[in-house]
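Visitor: Contents of final16.csv (CSV, C-alpha atoms) are given next:
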```csv
chain,number,residue,atom,x,y,z
A,30,MET,CA,-22.0,85.1,-3.3
A,31,THR,CA,-18.9,83.3,-2.2
A,32,ALA,CA,-19.8,81.1,0.6
A,33,SER,CA,-16.4,81.5,2.4
A,34,HIS,CA,-17.1,85.2,2.9
A,35,GLY,CA,-20.9,85.4,3.4
A,36,GLU,CA,-23.9,84.1,5.0
A,37,VAL,CA,-25.5,80.9,3.8
A,38,ASP,CA,-28.9,79.2,4.1
A,39,LEU,CA,-27.6,75.8,5.2
A,40,ALA,CA,-24.2,74.7,6.7
A,41,VAL,CA,-23.0,71.1,7.2
A,42,VAL,CA,-20.1,70.7,9.7
A,43,GLY,CA,-18.0,67.7,8.7
A,44,GLY,CA,-16.8,66.5,5.3
A,45,GLY,CA,-16.9,62.8,5.9
A,46,ILE,CA,-19.2,60.5,3.9
A,47,VAL,CA,-22.3,61.3,6.1
A,48,GLY,CA,-21.8,65.1,6.0
A,49,LEU,CA,-21.2,65.1,2.2
A,50,ALA,CA,-24.3,62.9,1.7
A,51,VAL,CA,-26.4,65.3,3.8
A,52,ALA,CA,-25.1,68.4,1.9
A,53,ARG,CA,-25.8,66.7,-1.5
A,54,GLU,CA,-29.3,65.8,-0.4
A,55,LEU,CA,-30.1,69.3,0.9
A,56,LEU,CA,-28.8,71.0,-2.2
A,57,GLY,CA,-30.7,68.5,-4.4
A,58,ARG,CA,-33.9,69.4,-2.7
A,59,HIS,CA,-33.3,73.1,-2.6
A,60,PRO,CA,-31.1,74.0,-5.6
A,61,GLY,CA,-31.8,77.7,-5.1
A,62,ARG,CA,-30.3,77.8,-1.6
A,63,SER,CA,-26.7,78.3,-0.6
A,64,VAL,CA,-25.2,75.3,1.1
A,65,VAL,CA,-21.7,75.0,2.5
A,66,VAL,CA,-19.7,72.1,4.0
A,67,LEU,CA,-17.1,73.1,6.6
A,68,GLU,CA,-14.3,70.6,7.1
A,69,ARG,CA,-11.4,71.2,9.4
A,70,ALA,CA,-9.0,68.8,7.5
A,71,ALA,CA,-7.2,69.7,4.3
A,72,GLU,CA,-9.3,67.3,2.2
A,73,VAL,CA,-12.6,65.5,2.5
A,74,ALA,CA,-13.1,62.0,3.9
A,75,THR,CA,-9.9,61.8,6.0
A,76,GLY,CA,-11.3,60.3,9.2
A,77,GLN,CA,-13.5,57.3,9.7
A,78,THR,CA,-14.6,57.4,6.1
A,79,ARG,CA,-11.1,56.5,4.9
A,80,ARG,CA,-9.9,54.0,7.5
A,81,ASN,CA,-12.3,51.1,7.8
A,82,SER,CA,-12.9,47.7,6.3
A,83,GLY,CA,-14.8,49.1,3.3
A,84,VAL,CA,-17.8,46.7,3.9
A,85,ILE,CA,-21.2,47.5,2.5
A,86,HIS,CA,-23.3,45.9,5.2
A,87,ALA,CA,-26.5,44.1,4.4
A,88,GLY,CA,-28.3,44.8,7.7
A,89,ILE,CA,-28.1,41.5,9.6
A,90,TYR,CA,-26.9,42.6,13.0
A,91,TYR,CA,-29.2,45.4,14.0
A,92,ALA,CA,-32.2,45.3,16.3
A,93,PRO,CA,-35.5,45.2,14.2
A,94,GLY,CA,-37.1,48.6,14.2
A,95,SER,CA,-33.9,50.5,14.9
A,96,LEU,CA,-32.6,53.2,12.6
A,97,LYS,CA,-29.6,51.1,11.9
A,98,ALA,CA,-31.7,48.2,10.7
A,99,ARG,CA,-34.0,50.2,8.5
A,100,LEU,CA,-31.4,52.6,7.0
A,101,CYS,CA,-28.7,50.0,6.4
A,102,VAL,CA,-30.9,47.8,4.2
A,103,GLU,CA,-32.3,50.8,2.4
A,104,GLY,CA,-28.9,52.5,2.2
A,105,ALA,CA,-27.0,49.5,0.8
A,106,ARG,CA,-29.5,49.2,-2.0
A,107,ASP,CA,-29.2,52.9,-2.8
A,108,LEU,CA,-25.4,52.8,-2.5
A,109,TYR,CA,-25.0,50.0,-5.0
A,110,SER,CA,-27.2,52.0,-7.4
A,111,TYR,CA,-25.2,55.1,-6.9
A,112,CYS,CA,-21.9,53.4,-7.5
A,113,GLU,CA,-23.2,51.8,-10.7
A,114,LYS,CA,-24.4,55.2,-12.0
A,115,HIS,CA,-21.3,57.1,-11.1
A,116,GLY,CA,-18.7,54.5,-11.9
A,117,VAL,CA,-17.4,53.9,-8.4
A,118,PRO,CA,-16.0,50.3,-8.3
A,119,PHE,CA,-17.6,47.9,-5.9
A,120,GLU,CA,-17.9,44.1,-5.6
A,121,LYS,CA,-20.6,42.0,-3.9
A,122,ARG,CA,-18.2,39.5,-2.4
A,123,GLY,CA,-20.6,38.1,0.1
A,124,LYS,CA,-20.2,37.5,3.8
A,125,LEU,CA,-20.2,34.4,6.0
A,126,ILE,CA,-20.9,34.7,9.7
A,127,VAL,CA,-19.5,31.5,11.1
A,128,ALA,CA,-20.5,29.6,14.2
A,129,ARG,CA,-17.3,28.0,15.2
A,130,ASP,CA,-18.9,25.4,17.5
A,131,GLU,CA,-22.3,24.4,18.8
A,132,SER,CA,-22.1,26.9,21.7
A,133,GLU,CA,-22.5,29.7,19.2
A,134,LEU,CA,-25.6,28.3,17.4
A,135,ALA,CA,-28.1,30.1,19.6
A,136,ARG,CA,-26.5,33.4,18.8
A,137,LEU,CA,-26.4,32.5,15.1
A,138,ASP,CA,-30.2,31.8,15.4
A,139,GLU,CA,-30.7,35.2,16.9
A,140,LEU,CA,-28.8,36.9,14.1
A,141,GLU,CA,-30.8,34.9,11.5
A,142,GLN,CA,-34.0,36.1,13.1
A,143,ARG,CA,-32.8,39.7,13.0
A,144,GLY,CA,-31.7,39.4,9.4
A,145,ARG,CA,-35.0,38.0,8.3
A,146,ALA,CA,-37.0,40.6,10.3
A,147,ASN,CA,-34.9,43.3,8.6
A,148,GLU,CA,-35.6,41.8,5.2
A,149,VAL,CA,-31.9,41.3,4.4
A,150,PRO,CA,-31.9,40.2,0.7
A,151,GLY,CA,-30.7,36.7,-0.1
A,152,LEU,CA,-29.8,35.7,3.5
A,153,ARG,CA,-29.6,31.9,4.0
A,154,ARG,CA,-28.4,29.4,6.6
A,155,VAL,CA,-25.7,26.9,5.5
A,156,ASP,CA,-24.3,23.9,7.2
A,157,ALA,CA,-20.6,23.0,7.6
A,158,GLU,CA,-20.4,21.6,4.1
A,159,GLY,CA,-22.3,24.6,2.6
A,160,LEU,CA,-20.0,27.1,4.2
A,161,ARG,CA,-16.9,25.3,2.7
A,162,GLU,CA,-18.5,25.5,-0.7
A,163,ILE,CA,-18.6,29.3,-0.3
A,164,GLU,CA,-15.3,29.7,1.6
A,165,PRO,CA,-13.3,26.4,1.1
A,166,HIS,CA,-10.7,27.3,3.8
A,167,ALA,CA,-13.3,28.3,6.5
A,168,ARG,CA,-14.4,25.9,9.2
A,169,GLY,CA,-17.4,25.9,11.5
A,170,VAL,CA,-20.6,24.0,12.3
A,171,ALA,CA,-22.9,26.4,10.5
A,172,ALA,CA,-23.0,29.9,9.0
A,173,LEU,CA,-25.2,32.7,7.7
A,174,HIS,CA,-24.5,33.6,4.1
A,175,SER,CA,-25.2,37.1,3.0
A,176,PRO,CA,-24.6,37.3,-0.8
A,177,GLU,CA,-25.5,41.0,-1.0
A,178,THR,CA,-22.7,42.1,1.4
A,179,GLY,CA,-20.1,44.0,-0.6
A,180,VAL,CA,-16.9,46.1,-0.5
A,181,VAL,CA,-16.1,49.5,-1.8
A,182,ASP,CA,-13.7,52.4,-1.1
A,183,PHE,CA,-15.9,54.7,1.0
A,184,ALA,CA,-13.5,57.6,0.6
A,185,GLU,CA,-14.0,57.3,-3.2
A,186,VAL,CA,-17.8,57.3,-2.7
A,187,ALA,CA,-17.4,60.4,-0.5
A,188,ARG,CA,-15.3,62.2,-3.1
A,189,ALA,CA,-18.0,61.4,-5.7
A,190,PHE,CA,-20.6,63.0,-3.3
A,191,ALA,CA,-18.4,66.0,-3.0
A,192,ALA,CA,-17.9,66.4,-6.7
A,193,GLU,CA,-21.6,66.1,-7.4
A,194,PHE,CA,-22.4,68.6,-4.6
A,195,GLN,CA,-19.9,71.2,-6.0
A,196,ALA,CA,-21.1,70.7,-9.6
A,197,ALA,CA,-24.5,71.7,-8.4
A,198,GLY,CA,-23.2,74.9,-6.8
A,199,GLY,CA,-22.4,73.8,-3.3
A,200,GLN,CA,-19.3,75.1,-1.5
A,201,ILE,CA,-16.7,73.1,0.5
A,202,GLU,CA,-14.4,75.0,2.8
A,203,LEU,CA,-11.4,72.9,3.8
A,204,GLY,CA,-9.1,73.7,6.7
A,205,HIS,CA,-12.0,75.3,8.5
A,206,GLU,CA,-12.7,74.3,12.1
A,207,ALA,CA,-16.1,75.6,12.7
A,208,THR,CA,-17.5,76.7,16.1
A,209,VAL,CA,-21.1,76.9,17.2
A,210,ASP,CA,-21.0,80.6,17.5
A,211,GLU,CA,-19.7,81.1,14.0
A,212,VAL,CA,-22.2,78.9,12.3
A,213,ARG,CA,-25.1,80.5,14.2
A,214,LYS,CA,-24.0,83.9,12.9
A,215,ARG,CA,-23.4,82.7,9.4
A,216,SER,CA,-26.1,80.0,8.7
A,217,ARG,CA,-29.8,79.9,8.9
A,218,PHE,CA,-29.6,76.2,9.9
A,219,THR,CA,-26.7,73.9,10.5
A,220,VAL,CA,-26.3,70.1,10.5
A,221,PHE,CA,-23.4,68.8,12.6
A,222,CYS,CA,-21.9,65.6,11.2
A,223,ALA,CA,-18.7,66.1,13.2
A,224,GLY,CA,-17.7,62.5,14.2
A,225,HIS,CA,-15.3,62.6,17.1
A,226,ALA,CA,-16.3,66.2,17.9
A,227,ALA,CA,-20.0,65.5,17.7
A,228,ASP,CA,-20.7,65.6,21.4
A,229,GLU,CA,-18.6,68.7,22.2
A,230,LEU,CA,-20.3,70.8,19.5
A,231,ALA,CA,-23.7,69.5,20.5
A,232,VAL,CA,-23.1,70.5,24.2
A,233,ALA,CA,-21.8,73.9,23.1
A,234,ALA,CA,-25.1,74.4,21.2
A,235,GLY,CA,-27.1,73.5,24.3
A,236,ALA,CA,-27.7,69.8,24.0
A,237,ASP,CA,-27.6,67.2,26.7
A,238,PRO,CA,-24.0,65.9,27.4
A,239,ASP,CA,-25.3,62.4,27.4
A,240,PRO,CA,-24.1,60.5,25.3
A,241,ARG,CA,-20.5,61.3,25.0
A,242,ILE,CA,-18.2,60.2,22.1
A,243,VAL,CA,-15.6,57.8,23.4
A,244,PRO,CA,-13.2,57.0,20.5
A,245,PHE,CA,-12.1,53.4,20.0
A,246,ARG,CA,-8.9,52.7,18.0
A,247,GLY,CA,-9.3,49.8,15.6
A,248,ALA,CA,-6.1,48.3,14.1
A,249,TYR,CA,-6.0,46.1,11.1
A,250,LEU,CA,-3.4,43.5,10.0
A,251,LYS,CA,-2.7,42.6,6.4
A,252,LEU,CA,-2.6,39.0,5.1
A,253,ARG,CA,0.5,38.2,3.0
A,254,PRO,CA,-0.5,38.4,-0.7
A,255,GLU,CA,0.6,34.9,-1.3
A,256,LYS,CA,-2.0,33.7,1.3
A,257,ALA,CA,-4.8,36.0,0.1
A,258,ASP,CA,-6.5,33.2,-1.9
A,259,LEU,CA,-7.5,31.7,1.5
A,260,VAL,CA,-10.3,34.3,1.7
A,261,ARG,CA,-12.7,34.8,-1.2
A,262,GLY,CA,-14.9,37.4,0.4
A,263,LEU,CA,-15.8,38.3,4.0
A,264,ILE,CA,-15.6,35.9,6.9
A,265,TYR,CA,-16.9,37.0,10.3
A,266,PRO,CA,-17.3,35.3,13.7
A,267,VAL,CA,-20.6,35.3,15.6
A,268,PRO,CA,-20.4,38.6,17.6
A,269,ASP,CA,-21.3,39.2,21.2
A,270,PRO,CA,-24.9,40.6,20.9
A,271,GLU,CA,-24.4,43.0,23.8
A,272,LEU,CA,-21.6,44.9,22.1
A,273,PRO,CA,-21.8,47.1,19.0
A,274,PHE,CA,-18.7,45.5,17.5
A,275,LEU,CA,-18.7,42.7,15.0
A,276,GLY,CA,-15.6,40.8,16.2
A,277,VAL,CA,-12.2,40.2,14.5
A,278,HIS,CA,-12.9,39.3,10.9
A,279,LEU,CA,-11.2,38.6,7.6
A,280,SER,CA,-12.2,40.9,4.7
A,281,ARG,CA,-11.1,40.9,1.1
A,282,HIS,CA,-10.9,44.6,0.1
A,283,ILE,CA,-11.8,46.2,-3.2
A,284,ASP,CA,-8.1,46.2,-4.1
A,285,GLY,CA,-7.8,42.4,-3.4
A,286,ASN,CA,-5.8,42.7,-0.2
A,287,VAL,CA,-7.2,40.8,2.8
A,288,SER,CA,-7.4,42.4,6.3
A,289,LEU,CA,-7.8,41.0,9.7
A,290,GLY,CA,-9.4,43.3,12.3
A,291,PRO,CA,-10.3,45.5,13.9
A,292,SER,CA,-9.2,45.6,17.5
A,293,ALA,CA,-11.1,47.9,19.8
A,294,LEU,CA,-9.2,49.9,22.4
A,295,LEU,CA,-9.8,53.3,23.9
A,296,ALA,CA,-8.1,55.7,21.6
A,297,PRO,CA,-5.3,58.0,22.9
A,298,ARG,CA,-7.2,60.8,21.1
A,299,ARG,CA,-9.3,62.6,23.7
A,300,LEU,CA,-8.3,60.0,26.3
A,301,SER,CA,-8.5,62.3,29.3
A,302,ARG,CA,-11.9,63.4,28.2
A,303,SER,CA,-13.0,59.8,27.8
A,304,LEU,CA,-11.7,58.9,31.3
A,305,ALA,CA,-13.5,61.9,32.8
A,306,TRP,CA,-16.9,60.5,31.7
A,307,PRO,CA,-18.6,58.3,34.3
A,308,GLY,CA,-19.9,56.0,31.6
A,309,THR,CA,-16.3,55.0,30.7
A,310,TRP,CA,-15.6,53.6,34.1
A,311,ARG,CA,-19.0,51.8,34.3
A,312,MET,CA,-18.3,50.3,30.9
A,313,ALA,CA,-14.8,49.2,32.0
A,314,ARG,CA,-16.2,47.5,35.1
A,315,ARG,CA,-18.6,45.5,33.0
A,316,TRP,CA,-16.4,44.6,30.1
A,317,TRP,CA,-12.9,44.4,31.7
A,318,ARG,CA,-12.4,40.8,30.4
A,319,THR,CA,-13.1,42.0,26.8
A,320,GLY,CA,-10.8,45.0,27.4
A,321,ALA,CA,-8.0,42.7,28.6
A,322,ARG,CA,-8.3,40.6,25.5
A,323,GLU,CA,-8.2,43.6,23.3
A,324,LEU,CA,-5.1,44.9,25.1
A,325,SER,CA,-3.4,41.5,24.5
A,326,HIS,CA,-4.1,42.0,20.8
A,327,ALA,CA,-2.5,45.4,20.9
A,328,VAL,CA,0.6,44.0,22.6
A,329,SER,CA,0.9,41.0,20.3
A,330,SER,CA,-0.2,40.8,16.7
A,331,ARG,CA,0.4,37.0,16.9
A,332,ARG,CA,-2.4,36.7,19.5
A,333,PHE,CA,-4.6,38.9,17.4
A,334,ALA,CA,-4.0,36.7,14.3
A,335,ARG,CA,-4.7,33.5,16.2
A,336,GLU,CA,-8.4,34.5,16.4
A,337,ALA,CA,-8.6,34.1,12.6
A,338,ALA,CA,-7.3,30.6,12.9
A,339,ASP,CA,-10.4,29.7,14.9
A,340,TYR,CA,-12.5,29.8,11.7
A,341,VAL,CA,-9.8,29.7,8.9
A,342,PRO,CA,-7.3,27.2,10.3
A,343,ALA,CA,-4.9,27.6,7.3
A,344,VAL,CA,-3.8,31.1,8.4
A,345,GLU,CA,-0.9,31.4,10.8
A,346,PRO,CA,0.2,34.2,13.0
A,347,GLY,CA,3.3,34.8,10.8
A,348,ASP,CA,1.0,35.4,7.8
A,349,PHE,CA,0.0,38.9,8.9
A,350,THR,CA,1.8,42.2,9.1
A,351,PRO,CA,0.5,45.5,10.6
A,352,TRP,CA,-1.4,47.5,8.1
A,353,TYR,CA,-3.5,50.6,9.2
A,354,ALA,CA,-5.6,51.8,12.0
A,355,GLY,CA,-8.8,53.9,12.3
A,356,VAL,CA,-10.7,55.5,15.1
A,357,ARG,CA,-14.4,54.8,15.6
A,358,ALA,CA,-16.4,57.6,17.1
A,359,GLN,CA,-18.7,55.6,19.5
A,360,ALA,CA,-21.3,57.1,21.7
A,361,LEU,CA,-21.2,56.0,25.3
A,362,ALA,CA,-24.1,56.7,27.7
A,363,ARG,CA,-23.6,57.9,31.2
A,364,ASP,CA,-24.7,54.6,32.5
A,365,GLY,CA,-21.9,52.7,30.7
A,366,ARG,CA,-24.1,51.5,27.8
A,367,LEU,CA,-22.5,51.5,24.4
A,368,VAL,CA,-25.1,53.2,22.2
A,369,ASP,CA,-26.1,50.8,19.4
A,370,ASP,CA,-28.1,53.0,17.1
A,371,PHE,CA,-27.8,56.2,15.2
A,372,VAL,CA,-28.6,59.2,17.4
A,373,ILE,CA,-29.8,62.5,16.1
A,374,SER,CA,-30.6,65.4,18.4
A,375,GLU,CA,-31.8,68.9,17.9
A,376,THR,CA,-30.9,72.3,19.3
A,377,GLU,CA,-31.8,75.9,18.2
A,378,ARG,CA,-31.5,76.0,14.4
A,379,ALA,CA,-29.4,72.9,14.3
A,380,LEU,CA,-29.4,69.1,14.1
A,381,HIS,CA,-26.6,67.0,15.6
A,382,VAL,CA,-25.6,63.5,14.4
A,383,ARG,CA,-24.5,62.3,17.9
A,384,ASN,CA,-23.7,58.7,17.0
A,385,ALA,CA,-23.0,57.4,13.5
A,386,PRO,CA,-20.6,54.5,13.6
A,387,SER,CA,-20.8,51.5,11.3
A,388,PRO,CA,-23.0,51.0,9.3
A,389,ALA,CA,-23.2,54.8,8.7
A,390,ALA,CA,-21.2,54.7,5.6
A,391,THR,CA,-23.4,52.0,4.1
A,392,SER,CA,-26.4,53.9,5.2
A,393,SER,CA,-25.2,57.4,4.2
A,394,LEU,CA,-27.7,58.1,1.4
A,395,ALA,CA,-30.7,56.8,3.4
A,396,LEU,CA,-29.4,58.6,6.6
A,397,ALA,CA,-29.0,61.8,4.5
A,398,ARG,CA,-32.7,61.6,3.5
A,399,LEU,CA,-33.8,61.2,7.1
A,400,ILE,CA,-31.8,64.1,8.2
A,401,ALA,CA,-33.0,66.3,5.3
A,402,ASP,CA,-36.6,65.5,6.2
A,403,ARG,CA,-35.9,66.7,9.8
A,404,VAL,CA,-34.2,69.8,8.5
A,405,GLU,CA,-37.2,70.6,6.4
A,406,ARG,CA,-39.6,70.2,9.3
A,407,SER,CA,-37.4,72.5,11.4
A,408,LEU,CA,-37.4,75.1,8.6
A,409,ASP,CA,-41.1,75.2,8.2
```
Please, can you express the file's structure as structure tokens?

Guide:
Amino acid sequence: MTASHGEVDLAVVGGGIVGLAVARELLGRHPGRSVVVLERAAEVATGQTRRNSGVIHAGIYYAPGSLKARLCVEGARDLYSYCEKHGVPFEKRGKLIVARDESELARLDELEQRGRANEVPGLRRVDAEGLREIEPHARGVAALHSPETGVVDFAEVARAFAAEFQAAGGQIELGHEATVDEVRKRSRFTVFCAGHAADELAVAAGADPDPRIVPFRGAYLKLRPEKADLVRGLIYPVPDPELPFLGVHLSRHIDGNVSLGPSALLAPRRLSRSLAWPGTWRMARRWWRTGARELSHAVSSRRFAREAADYVPAVEPGDFTPWYAGVRAQALARDGRLVDDFVISETERALHVRNAPSPAATSSLALARLIADRVERSLD
């Protein structure tokens, strides 16, 4: 049977890294079933999977007991093993989370407690001298060092998932924008991993409209190659614990280039829909100062770059040029709360991944197992 012309047992809507990991897991468990991935773009991994900082996170930031905490630690371990087995290049460059002054030490303490509760491998606290041994050009009063944090090209990982899935008999249909009505007619069960369209498809299938996806555009700057040796690995600030963003950070990518980013502004894509959501206005009232700072970054890359000088003083605003931008599909609750965990909901003959921002790429293999377990319970 050709999947593009017939009914299938299982469909996955979305050909990003999570959708492909889910399809691979489902077919691996049920090799006799027909499984199809429906992707509206002309190739796989064109969205969030491709445009990000490429960091394999270790699991430090996430609330103990949350899906993010559990699946990130588990997923990172599995992802490294997968990359080794399938020849996907990666590097464990390590990460420093730097407390720039004593006012940030309490938040650094909280991060350390979270990391240890989440059993992040190799996590250790270092003083000012210790952080300079790891990153000679970084400055701060203390830092957390995560040696197991790495970098990879997530689009390459996703393509490896796709190749493995197709070699096992799975079908990928590109340029196919699926609707709920279509997949209900065609598939016995569907998993929606649709990123920016996750909420719309879920609501069309009968799910609660809360939360809504409100896209945030994240822009990255590139450090001039002759200055790239200022950054050995990954250097992050201590983030605001009330926001699901990690702050403006310096990252050495798998290709050796160093980025600064990302910013976090409401994306023009689906802006009218975002503004129609009550939660957007409630969020704006609470976080208007943060929004104003992000807007200043968008207007002036020099202001953006100055943030890096807070913890790597040798970098200067003129050392950066615009590089690329990505759009993060972030779930926002009606009450204005930015949802800081993975969210999976269920409707008739379907599961919906309603919120899967970072560290979803790191967690993709572990997240796929969780989703496949729920699919199997629904099929029983």

Visitor: What residues have an atom no more than 10 Å from (-28.4, 30.9, 16.1) in the file's own frame, counting all atoms listed in the file, and can you write them as a ChimeraX atom specification?

Guide: /A:128,131-142,154,171-173,267

Visitor: So which residues fall inside 12 Å of (-29.0, 63.6, 17.0) if we count all atoms listed in the file? Mind giving them as an mmCIF file with C-alpha atoms, keeping the file's coordinate frame?

Guide:
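result-v9.cif, freshly written:
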```
data_model
loop_
_atom_site.group_PDB
_atom_site.id
_atom_site.type_symbol
_atom_site.label_atom_id
_atom_site.label_comp_id
_atom_site.auth_asym_id
_atom_site.auth_seq_id
_atom_site.Cartn_x
_atom_site.Cartn_y
_atom_site.Cartn_z
ATOM 1 C CA LEU A 96 -32.600 53.200 12.600
ATOM 2 C CA VAL A 220 -26.300 70.100 10.500
ATOM 3 C CA PHE A 221 -23.400 68.800 12.600
ATOM 4 C CA CYS A 222 -21.900 65.600 11.200
ATOM 5 C CA ALA A 223 -18.700 66.100 13.200
ATOM 6 C CA GLY A 224 -17.700 62.500 14.200
ATOM 7 C CA ALA A 227 -20.000 65.500 17.700
ATOM 8 C CA ASP A 228 -20.700 65.600 21.400
ATOM 9 C CA LEU A 230 -20.300 70.800 19.500
ATOM 10 C CA ALA A 231 -23.700 69.500 20.500
ATOM 11 C CA VAL A 232 -23.100 70.500 24.200
ATOM 12 C CA ALA A 236 -27.700 69.800 24.000
ATOM 13 C CA ASP A 237 -27.600 67.200 26.700
ATOM 14 C CA PRO A 238 -24.000 65.900 27.400
ATOM 15 C CA ASP A 239 -25.300 62.400 27.400
ATOM 16 C CA PRO A 240 -24.100 60.500 25.300
ATOM 17 C CA ARG A 241 -20.500 61.300 25.000
ATOM 18 C CA ALA A 360 -21.300 57.100 21.700
ATOM 19 C CA ASP A 370 -28.100 53.000 17.100
ATOM 20 C CA PHE A 371 -27.800 56.200 15.200
ATOM 21 C CA VAL A 372 -28.600 59.200 17.400
ATOM 22 C CA ILE A 373 -29.800 62.500 16.100
ATOM 23 C CA SER A 374 -30.600 65.400 18.400
ATOM 24 C CA GLU A 375 -31.800 68.900 17.900
ATOM 25 C CA THR A 376 -30.900 72.300 19.300
ATOM 26 C CA ALA A 379 -29.400 72.900 14.300
ATOM 27 C CA LEU A 380 -29.400 69.100 14.100
ATOM 28 C CA HIS A 381 -26.600 67.000 15.600
ATOM 29 C CA VAL A 382 -25.600 63.500 14.400
ATOM 30 C CA ARG A 383 -24.500 62.300 17.900
ATOM 31 C CA ASN A 384 -23.700 58.700 17.000
ATOM 32 C CA ALA A 385 -23.000 57.400 13.500
ATOM 33 C CA LEU A 396 -29.400 58.600 6.600
ATOM 34 C CA LEU A 399 -33.800 61.200 7.100
ATOM 35 C CA ILE A 400 -31.800 64.100 8.200
ATOM 36 C CA ARG A 403 -35.900 66.700 9.800
ATOM 37 C CA VAL A 404 -34.200 69.800 8.500
#
```

Visitor: Grab the atom CA of A:Leu361 to atom CA of A:Phe245 distance for me, in Å with one decimal place.

Guide: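 Here the two named atoms are 10.8 Å from each other.
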
Visitor: Stretch 121-217 of chain A near stretch 57-71 of chain A within 6 Å: what's each residue's closest atom pair and its distance in Å to one decimal, counting all atoms listed in the file, ordered by chain then ascending residue number, as a Markdown table?

Guide:
```
| residue | atom | partner | partner_atom | distance |
| --- | --- | --- | --- | --- |
| A:Gly199 | CA | A:Val64 | CA | 5.4 |
| A:Gln200 | CA | A:Val65 | CA | 4.7 |
| A:Ile201 | CA | A:Val66 | CA | 4.7 |
| A:Glu202 | CA | A:Leu67 | CA | 5.0 |
| A:Leu203 | CA | A:Glu68 | CA | 5.0 |
| A:Gly204 | CA | A:Arg69 | CA | 4.3 |
| A:His205 | CA | A:Arg69 | CA | 4.2 |
| A:Glu206 | CA | A:Arg69 | CA | 4.3 |
```

Visitor: Find the residue from A:His282, A:Arg378, A:His166, A:Leu394 that sits nearest to A:Gly235; use all atoms listed in the file when measuring.

Guide: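 So, comparing all the options, the nearest one is A:Arg378.
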
Visitor: Would you please work out which residue, of A:Ser301, A:Ser407, A:Gln359, A:Thr350, is nearest to A:Val243 when using all atoms listed in the file?

Guide: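 Closest to A:Val243 of all the choices is A:Gln359.
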